[in-house]
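S.K.: Supplied structure: coords28.txt, compact mmCIF, C-alpha atoms.
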# COMPACT_ATOMS: atom_id res chain seq x y z
CA MET A 17 -1.92 3.49 -13.84
CA THR A 18 -1.77 -0.25 -14.31
CA MET A 19 -2.85 -3.04 -12.02
CA SER A 20 0.77 -4.16 -11.88
CA LYS A 21 1.63 -0.92 -10.04
CA VAL A 22 -1.26 -1.53 -7.62
CA ASP A 23 0.06 -5.08 -7.09
CA GLU A 24 3.58 -3.75 -6.65
CA VAL A 25 2.47 -1.35 -3.91
CA PHE A 26 0.33 -4.01 -2.22
CA ASN A 27 3.15 -6.56 -2.32
CA LEU A 28 5.47 -4.17 -0.49
CA PHE A 29 3.35 -4.76 2.60
CA SER A 30 4.01 -8.51 2.51
CA ARG A 31 7.59 -7.82 3.67
CA SER A 32 6.85 -5.57 6.62
CA ARG A 33 4.08 -4.86 9.09
CA ARG A 34 5.38 -1.43 9.98
CA TRP A 35 3.95 1.88 8.80
CA HIS A 36 5.37 3.26 5.54
CA SER A 37 5.00 6.82 4.26
CA ALA A 38 3.56 7.58 0.84
CA GLY A 39 6.90 9.18 -0.06
CA GLU A 40 8.84 6.09 0.98
CA ILE A 41 6.55 3.86 -1.09
CA ALA A 42 6.72 6.25 -4.07
CA GLY A 43 10.49 5.91 -4.09
CA TRP A 44 10.32 2.11 -4.06
CA VAL A 45 7.85 1.79 -6.93
CA SER A 46 8.93 4.79 -9.04
CA LEU A 47 5.58 6.59 -8.86
CA SER A 48 4.62 10.06 -7.72
CA GLU A 49 3.37 10.46 -4.16
CA SER A 50 0.01 11.51 -5.60
CA ALA A 51 -0.27 8.22 -7.52
CA VAL A 52 0.73 6.25 -4.43
CA ARG A 53 -1.91 8.05 -2.34
CA LYS A 54 -4.56 7.06 -4.92
CA ILE A 55 -3.41 3.43 -4.75
CA LEU A 56 -3.42 3.48 -0.93
CA ASN A 57 -6.95 4.91 -0.92
CA PHE A 58 -8.04 2.13 -3.29
CA LEU A 59 -6.42 -0.60 -1.17
CA ALA A 60 -7.87 0.91 2.01
CA LYS A 61 -11.35 0.90 0.48
CA PHE A 62 -11.13 -2.91 0.36
CA ASP A 63 -9.50 -3.20 3.82
CA LEU A 64 -6.23 -4.49 2.39
CA VAL A 65 -4.21 -1.72 4.03
CA GLU A 66 -4.73 0.67 6.92
CA TYR A 67 -4.14 4.16 5.58
CA ASP A 68 -3.75 7.20 7.83
CA ARG A 69 -4.61 10.02 5.43
CA LYS A 70 -3.44 12.77 7.79
CA LYS A 71 0.02 11.28 8.29
CA GLU A 72 0.04 9.76 4.77
CA THR A 73 1.27 6.44 6.14
CA ALA A 74 0.00 2.92 5.55
CA ARG A 75 0.54 -0.64 6.69
CA ALA A 76 -0.99 -4.01 5.87
CA ALA A 77 -4.43 -4.55 7.36
CA LEU A 78 -5.45 -7.94 8.75
CA LEU A 79 -7.21 -8.90 5.51
CA GLY A 80 -4.19 -7.80 3.48
CA ARG A 81 -1.89 -9.96 5.60
CA LYS A 82 -4.22 -12.95 5.08
CA VAL A 83 -4.18 -12.39 1.31
CA HIS A 84 -0.38 -12.38 1.32
CA VAL A 85 -0.38 -15.71 3.17
CA LEU A 86 -2.54 -17.23 0.41
CA LYS A 87 -0.13 -16.24 -2.37
Render the structure in this file as structure tokens.
M.R.:
Amino acid sequence: MTMSKVDEVFNLFSRSRRWHSAGEIAGWVSLSESAVRKILNFLAKFDLVEYDRKKETARAALLGRKVHVLK
């Protein structure tokens, strides 16, 4: 998996503050749900997204929204 795919997933959250499912995200970025879950876990580790592992949904965290503003 490349950093560009991680960036692609992260950048999806710049357009919306709502919750998105791993399946929905997987369809947008042409990755498997398993790969998207790994990316979401990584982004959540650094507080860039809020990731509900039980529901497999995520949205931009406060820090993630601030990073998008800086871009």
S.K.: Would you pick out the contacts of A:Ser50 at 10 Å or less, using all atoms listed in the file, so that residues sharing its chain but fewer than 6 positions from it are not included, and give the list as a list in words?
M.R.: Ala38, Gly39, Ala42 and Leu56 of chain A
S.K.: For the selection just defined, write its residues with C-alpha atoms to a file, as a compact mmCIF listing (two decimals), in the frame of the given file.
M.R.:
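That gives us part-v8.txt:
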# COMPACT_ATOMS: atom_id res chain seq x y z
CA ALA A 38 3.56 7.58 0.84
CA GLY A 39 6.90 9.18 -0.06
CA ALA A 42 6.72 6.25 -4.07
CA LEU A 56 -3.42 3.48 -0.93
S.K.: Write out as a list of chain:residue names the residues lying within 10 Å of A:Val52, counting only C-alpha atoms and excluding same-chain residues fewer than 4 positions away.
M.R.: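 Near neighbours after the sequence-gap exclusion: A:Lys21, A:Val22, A:Val25, A:Ser37, A:Ala38, A:Gly39, A:Glu40, A:Ile41, A:Ala42, A:Gly43, A:Val45, A:Ser46, A:Leu47, A:Ser48, A:Leu56, A:Asn57, A:Phe58, A:Glu72.
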S.K.: Kindly provide, as a PyMOL selection string, the polymer residues lying within 12 Å of (-5.3, 4.2, 4.0), counting only C-alpha atoms and using the coordinates exactly as they appear in the file.
M.R.: chain A and resi 26+35-38+52-77
S.K.: Report the distance between atom CA of A:Gly80 and atom CA of A:Phe29 in Å, rounded to one decimal place.
M.R.: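 Separation of atom CA of A:Gly80 and atom CA of A:Phe29: 8.2 Å.
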S.K.: Just checking: using all atoms listed in the file, which residue out of A:Ala51, A:Met19, A:Trp44, A:Ser32 ends up closest to A:Arg81?
M.R.: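 Residue with the minimum atom-to-atom distance to A:Arg81: A:Ser32.
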